[in-house]
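First the structure, in the form of structure tokens, and then the observations on it.
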Amino acid sequence: MTILSTQDVNNRQIQTKCAELYIVGDKMKFFKDYYPISIPQGILFYPCTGLDIIEPIELFADTIREFHFADLIPFTLPSIPKESLLASSKIIKQGYLNPKLYQIIIDVNNKYLTINWHQTDAIKVLEKLNNISVFFYRGDSIAGSGSWIYWLGKELLPKILTKIVNGGLIITDGSNPDEDYKIHPWKELYLHSQLGHFSDNRIITPNNFTYNNRCFTCLGPLGKRYGTVYAWKVEFSD
Ligand SMILES: C[S@@+](CC[C@H](N)C(=O)[O-])C[C@H]1O[C@@H](n2cnc3c(N)ncnc32)[C@H](O)[C@@H]1O
């Protein structure tokens, strides 16, 4: 029998609440309303974004000032639900800084957010970015219109980790690990999605783990994309 600590019980209650909030389609809240932890200063980076920009901005509009999205397609603003925090935001400035970078500055509740849209290979964008406090990645695949890029694979994940600040977050549904996905020490990031949903419908709850001198703590679910999206806190273990 497993004996749970008070912290475990609290975490599980928070997790259930978060999942429920998304299921009933409640008004979008900030990430901190689901997981009240401090988020270190830095940027949000979301490679292979497609049209999925509204929720990441809403979740972190209170803490992050600089957002970077990367996709091969030109910037397209998806329709903003009227109850969205962004529906009442004001565009202060927008335009191309160069042929591959579209920038929009918006005023959300008197805070200026800078949204950068890199219309180029997201791997090249990653190389240029630093101080990532949120790495956001979901809804991608190695089929059809997916990027076919192994963002959670053995080449890219270590690179991403070098860019994430201590205490930063990885928010992912576990899209696109590489072909060795069953053996990687970081497999907890994606097994729930790769095995649980596409293979035999097992429900897999991720466990905390350490890898690359970092402790990965699963804070809990944050909605669904291709399987459950989980939020992970990544802290240096030394
Ligand atoms: C399946 S869509 C996922 C969109 C989004 N993540 C979502 O959840 O809706 C994959 C996206 O990756 C983009 N993509 C493909 N190759 C890419 C690359 N090398 N760099 C950046 N984006 C790329 C495609 O244009 C497409 O928008």
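Note on naming: chains are A, B, ... as they come in the structure tokens, residues start from 1 per chain, ligands start from 1 in the order shown.
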
Checklist entry - Which residues sit within 9 Å of ligand 1, counting only C-alpha atoms and all ligand atoms, listed as an MDAnalysis selection string? => result chainID A and resid 46:53 69:73 118:125 137:149 225:226

How would the residues just chosen look if you wrote them out with C-alpha atoms as an mmCIF file, in the first residue's frame?
```cif
data_model
loop_
_atom_site.group_PDB
_atom_site.id
_atom_site.type_symbol
_atom_site.label_atom_id
_atom_site.label_comp_id
_atom_site.auth_asym_id
_atom_site.auth_seq_id
_atom_site.Cartn_x
_atom_site.Cartn_y
_atom_site.Cartn_z
ATOM 1 C CA TYR A 46 6.206 27.404 -28.451
ATOM 2 C CA PRO A 47 7.587 25.708 -31.591
ATOM 3 C CA CYS A 48 5.276 24.484 -34.368
ATOM 4 C CA THR A 49 2.408 26.562 -33.027
ATOM 5 C CA GLY A 50 -0.080 26.446 -35.893
ATOM 6 C CA LEU A 51 -3.073 28.470 -34.723
ATOM 7 C CA ASP A 52 -2.668 27.550 -31.064
ATOM 8 C CA ILE A 53 -1.564 30.925 -29.680
ATOM 9 C CA PHE A 69 5.955 31.334 -31.455
ATOM 10 C CA ALA A 70 7.563 29.607 -34.419
ATOM 11 C CA ASP A 71 5.944 28.064 -37.457
ATOM 12 C CA LEU A 72 6.519 27.951 -41.201
ATOM 13 C CA ILE A 73 3.140 29.534 -41.880
ATOM 14 C CA HIS A 118 8.931 33.599 -36.206
ATOM 15 C CA GLN A 119 7.955 32.409 -39.639
ATOM 16 C CA THR A 120 10.838 30.031 -40.013
ATOM 17 C CA ASP A 121 12.210 26.655 -38.965
ATOM 18 C CA ALA A 122 11.543 26.433 -35.222
ATOM 19 C CA ILE A 123 14.824 24.572 -34.608
ATOM 20 C CA LYS A 124 16.708 27.640 -35.853
ATOM 21 C CA VAL A 125 14.596 29.826 -33.605
ATOM 22 C CA TYR A 137 4.605 22.222 -26.982
ATOM 23 C CA ARG A 138 1.545 20.221 -27.925
ATOM 24 C CA GLY A 139 -0.677 18.994 -30.721
ATOM 25 C CA ASP A 140 2.136 17.949 -33.045
ATOM 26 C CA SER A 141 2.798 14.654 -34.795
ATOM 27 C CA ILE A 142 5.083 12.694 -37.063
ATOM 28 C CA ALA A 143 2.316 12.143 -39.571
ATOM 29 C CA GLY A 144 0.227 14.191 -41.975
ATOM 30 C CA SER A 145 0.562 17.915 -41.351
ATOM 31 C CA GLY A 146 2.684 17.450 -38.225
ATOM 32 C CA SER A 147 6.180 18.901 -38.109
ATOM 33 C CA TRP A 148 7.831 15.466 -37.994
ATOM 34 C CA ILE A 149 10.353 17.031 -35.623
ATOM 35 C CA ARG A 225 -4.572 18.201 -26.944
ATOM 36 C CA TYR A 226 -3.167 14.929 -28.299
#
```

Item to check | Which of stretch 94-154 of chain A fall in helix (DSSP H, G or I), as a PyMOL selection string | outcome: chain A and resi 122-128

Item to check | Residue contacts of A:Gly167 (8 Å, only C-alpha atoms) excluding same-chain residues fewer than 6 positions away, as a list of chain:residue names | outcome: A:Ile39, A:Pro40, A:Ser133, A:Lys233, A:Val234, A:Glu235, A:Phe236

Only N, CA and C atoms, please: the residues just picked out, written as a PDB file, in the first residue's frame.
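Wrote it out as part_25.pdb, contents follow:
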```pdb
ATOM      1  N   ILE A  39       6.934  31.558 -11.012  1.00  0.00           N
ATOM      2  CA  ILE A  39       7.506  31.234 -12.317  1.00  0.00           C
ATOM      3  C   ILE A  39       8.687  32.165 -12.543  1.00  0.00           C
ATOM      4  N   PRO A  40       9.879  31.603 -12.787  1.00  0.00           N
ATOM      5  CA  PRO A  40      11.046  32.475 -12.928  1.00  0.00           C
ATOM      6  C   PRO A  40      10.929  33.364 -14.167  1.00  0.00           C
ATOM      7  N   SER A 133      11.421  30.451 -19.790  1.00  0.00           N
ATOM      8  CA  SER A 133      10.787  30.045 -18.519  1.00  0.00           C
ATOM      9  C   SER A 133       9.602  29.141 -18.769  1.00  0.00           C
ATOM     10  N   LYS A 233       7.613  21.128 -13.711  1.00  0.00           N
ATOM     11  CA  LYS A 233       8.581  22.105 -13.222  1.00  0.00           C
ATOM     12  C   LYS A 233       9.969  21.482 -13.331  1.00  0.00           C
ATOM     13  N   VAL A 234      10.916  22.242 -13.852  1.00  0.00           N
ATOM     14  CA  VAL A 234      12.256  21.702 -14.104  1.00  0.00           C
ATOM     15  C   VAL A 234      13.270  22.486 -13.269  1.00  0.00           C
ATOM     16  N   GLU A 235      13.867  21.789 -12.296  1.00  0.00           N
ATOM     17  CA  GLU A 235      14.805  22.483 -11.389  1.00  0.00           C
ATOM     18  C   GLU A 235      16.165  21.799 -11.397  1.00  0.00           C
ATOM     19  N   PHE A 236      17.214  22.602 -11.317  1.00  0.00           N
ATOM     20  CA  PHE A 236      18.560  22.038 -11.240  1.00  0.00           C
ATOM     21  C   PHE A 236      18.676  21.222  -9.959  1.00  0.00           C
TER      22      PHE A 236
END
```

Next on the checklist: Neighbouring residues of A:Leu101 were defined as those with any atom within 9 Å, considering only C-alpha atoms; residues of the same chain fewer than 2 positions away were excluded. Please report them as a ChimeraX atom specification.
Outcome noted: /A:95-99,103,116-120

Next on the checklist: With distances taken over only C-alpha atoms, which residue among A:Ile104, A:Leu59, A:Ile132, A:Leu77 lies nearest A:Phe45?
Outcome noted: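 Once distances to A:Phe45 are computed over only C-alpha atoms, the minimum belongs to A:Ile132.
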
Item to check | Nearest candidate to A:Lys128 (options A:Ile160, A:Leu113, A:Ala87, A:Cys218; using only C-alpha atoms) | outcome: A:Ile160

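Between atom CA of A:Leu44 and atom CA of A:Thr162 lies a distance of 14.6 Å.
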
Checklist entry - Closest to A:Tyr112 among A:Phe30, A:Phe67, A:Phe136, A:Tyr211, using only C-alpha atoms? => result A:Phe67

Checklist entry - Out of stretch 7-189 of chain A, which residues get strand (DSSP E) from DSSP, as a ChimeraX atom specification? => result /A:43-47,66-70,90-98,101-108,111-118,132-137,164-172

File of the preceding selection, N, CA and C atoms, as a short mmCIF file (atom, residue, chain, number, x, y, z; two decimals), in the first residue's frame:
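Below is the file part_6.cif, written as the result:
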```cif
data_model
loop_
_atom_site.label_atom_id
_atom_site.label_comp_id
_atom_site.auth_asym_id
_atom_site.auth_seq_id
_atom_site.Cartn_x
_atom_site.Cartn_y
_atom_site.Cartn_z
N ILE A 43 11.19 33.94 -21.03
CA ILE A 43 10.26 34.00 -22.17
C ILE A 43 9.46 32.71 -22.28
N LEU A 44 8.39 32.76 -23.06
CA LEU A 44 7.67 31.53 -23.42
C LEU A 44 8.02 31.22 -24.86
N PHE A 45 8.37 29.98 -25.12
CA PHE A 45 8.66 29.53 -26.49
C PHE A 45 7.76 28.35 -26.83
N TYR A 46 7.10 28.47 -27.98
CA TYR A 46 6.21 27.40 -28.45
C TYR A 46 6.55 27.13 -29.92
N PRO A 47 7.28 26.04 -30.20
CA PRO A 47 7.59 25.71 -31.59
C PRO A 47 6.41 24.99 -32.26
N GLU A 66 7.27 38.28 -22.73
CA GLU A 66 7.78 38.06 -24.09
C GLU A 66 7.44 36.64 -24.55
N PHE A 67 6.68 36.56 -25.62
CA PHE A 67 6.24 35.27 -26.15
C PHE A 67 6.89 35.05 -27.52
N HIS A 68 7.34 33.83 -27.75
CA HIS A 68 7.92 33.50 -29.06
C HIS A 68 7.23 32.26 -29.61
N PHE A 69 6.60 32.44 -30.76
CA PHE A 69 5.96 31.33 -31.46
C PHE A 69 6.71 31.12 -32.76
N ALA A 70 6.84 29.87 -33.17
CA ALA A 70 7.56 29.61 -34.42
C ALA A 70 6.80 28.60 -35.26
N LYS A 90 -5.71 45.57 -26.22
CA LYS A 90 -5.56 46.55 -27.31
C LYS A 90 -4.24 46.30 -28.03
N ILE A 91 -4.28 46.37 -29.35
CA ILE A 91 -3.02 46.24 -30.09
C ILE A 91 -2.35 47.61 -30.10
N ILE A 92 -1.13 47.66 -29.58
CA ILE A 92 -0.39 48.92 -29.50
C ILE A 92 0.41 49.14 -30.78
N LYS A 93 0.92 48.04 -31.30
CA LYS A 93 1.82 48.15 -32.46
C LYS A 93 1.92 46.78 -33.10
N GLN A 94 2.00 46.72 -34.41
CA GLN A 94 2.27 45.42 -35.04
C GLN A 94 2.92 45.62 -36.39
N GLY A 95 3.71 44.64 -36.83
CA GLY A 95 4.33 44.72 -38.14
C GLY A 95 5.54 43.80 -38.22
N TYR A 96 6.09 43.70 -39.43
CA TYR A 96 7.27 42.86 -39.64
C TYR A 96 8.53 43.60 -39.21
N LEU A 97 9.32 42.97 -38.33
CA LEU A 97 10.63 43.54 -37.99
C LEU A 97 11.64 43.14 -39.04
N ASN A 98 11.41 41.97 -39.64
CA ASN A 98 12.15 41.54 -40.83
C ASN A 98 11.25 40.51 -41.52
N LEU A 101 10.02 37.75 -39.17
CA LEU A 101 9.60 38.01 -37.78
C LEU A 101 8.50 39.07 -37.73
N TYR A 102 7.32 38.62 -37.35
CA TYR A 102 6.18 39.52 -37.17
C TYR A 102 6.02 39.76 -35.68
N GLN A 103 5.88 41.03 -35.31
CA GLN A 103 5.78 41.32 -33.86
C GLN A 103 4.52 42.13 -33.56
N ILE A 104 3.85 41.74 -32.49
CA ILE A 104 2.65 42.46 -32.06
C ILE A 104 2.86 42.82 -30.60
N ILE A 105 2.59 44.06 -30.29
CA ILE A 105 2.63 44.47 -28.87
C ILE A 105 1.19 44.73 -28.44
N ILE A 106 0.76 44.05 -27.41
CA ILE A 106 -0.62 44.24 -26.96
C ILE A 106 -0.65 44.70 -25.50
N ASP A 107 -1.71 45.42 -25.21
CA ASP A 107 -1.93 45.90 -23.85
C ASP A 107 -3.03 45.02 -23.23
N VAL A 108 -2.63 44.24 -22.24
CA VAL A 108 -3.60 43.39 -21.54
C VAL A 108 -3.67 43.88 -20.11
N LYS A 111 -0.84 45.92 -19.03
CA LYS A 111 0.51 45.34 -19.14
C LYS A 111 0.80 45.11 -20.62
N TYR A 112 1.99 45.51 -21.02
CA TYR A 112 2.35 45.32 -22.43
C TYR A 112 2.99 43.93 -22.63
N LEU A 113 2.45 43.18 -23.56
CA LEU A 113 3.03 41.89 -23.90
C LEU A 113 3.57 41.96 -25.33
N THR A 114 4.73 41.38 -25.52
CA THR A 114 5.32 41.34 -26.86
C THR A 114 5.19 39.93 -27.42
N ILE A 115 4.48 39.84 -28.53
CA ILE A 115 4.25 38.54 -29.16
C ILE A 115 5.11 38.49 -30.42
N ASN A 116 6.04 37.56 -30.46
CA ASN A 116 6.91 37.41 -31.64
C ASN A 116 6.50 36.18 -32.42
N TRP A 117 6.25 36.37 -33.70
CA TRP A 117 5.92 35.24 -34.56
C TRP A 117 7.06 35.02 -35.54
N HIS A 118 7.79 33.91 -35.33
CA HIS A 118 8.93 33.60 -36.21
C HIS A 118 8.44 32.69 -37.32
N ILE A 132 14.42 30.59 -21.36
CA ILE A 132 13.04 30.11 -21.55
C ILE A 132 12.47 29.76 -20.17
N SER A 133 11.42 30.45 -19.79
CA SER A 133 10.79 30.04 -18.52
C SER A 133 9.60 29.14 -18.77
N VAL A 134 9.04 29.17 -19.98
CA VAL A 134 8.00 28.20 -20.31
C VAL A 134 8.27 27.65 -21.71
N PHE A 135 8.49 26.34 -21.78
CA PHE A 135 8.56 25.67 -23.08
C PHE A 135 7.20 25.00 -23.28
N PHE A 136 6.48 25.46 -24.27
CA PHE A 136 5.09 25.04 -24.49
C PHE A 136 5.06 24.26 -25.80
N TYR A 137 4.55 23.02 -25.76
CA TYR A 137 4.61 22.22 -26.98
C TYR A 137 3.54 21.14 -26.95
N ILE A 164 16.33 26.36 -20.71
CA ILE A 164 15.27 26.57 -19.71
C ILE A 164 15.90 27.03 -18.39
N VAL A 165 15.38 28.12 -17.85
CA VAL A 165 15.93 28.65 -16.60
C VAL A 165 15.55 27.73 -15.43
N ASN A 166 16.32 27.82 -14.36
CA ASN A 166 16.06 26.99 -13.18
C ASN A 166 14.64 27.26 -12.66
N GLY A 167 13.86 26.22 -12.52
CA GLY A 167 12.48 26.38 -12.05
C GLY A 167 11.49 26.68 -13.16
N GLY A 168 11.97 26.63 -14.40
CA GLY A 168 11.08 26.87 -15.53
C GLY A 168 10.12 25.71 -15.77
N LEU A 169 9.23 25.90 -16.73
CA LEU A 169 8.17 24.91 -16.97
C LEU A 169 8.28 24.29 -18.35
N ILE A 170 7.91 23.01 -18.42
CA ILE A 170 7.63 22.37 -19.71
C ILE A 170 6.15 22.02 -19.68
N ILE A 171 5.43 22.49 -20.70
CA ILE A 171 4.01 22.18 -20.78
C ILE A 171 3.78 21.43 -22.08
N THR A 172 3.44 20.17 -21.95
CA THR A 172 3.37 19.35 -23.17
C THR A 172 2.37 18.21 -23.04
#
```

Item to check | Point-to-point distance in Å for atom CA of A:Leu129 and atom CA of A:Glu55 | outcome: 21.3 Å
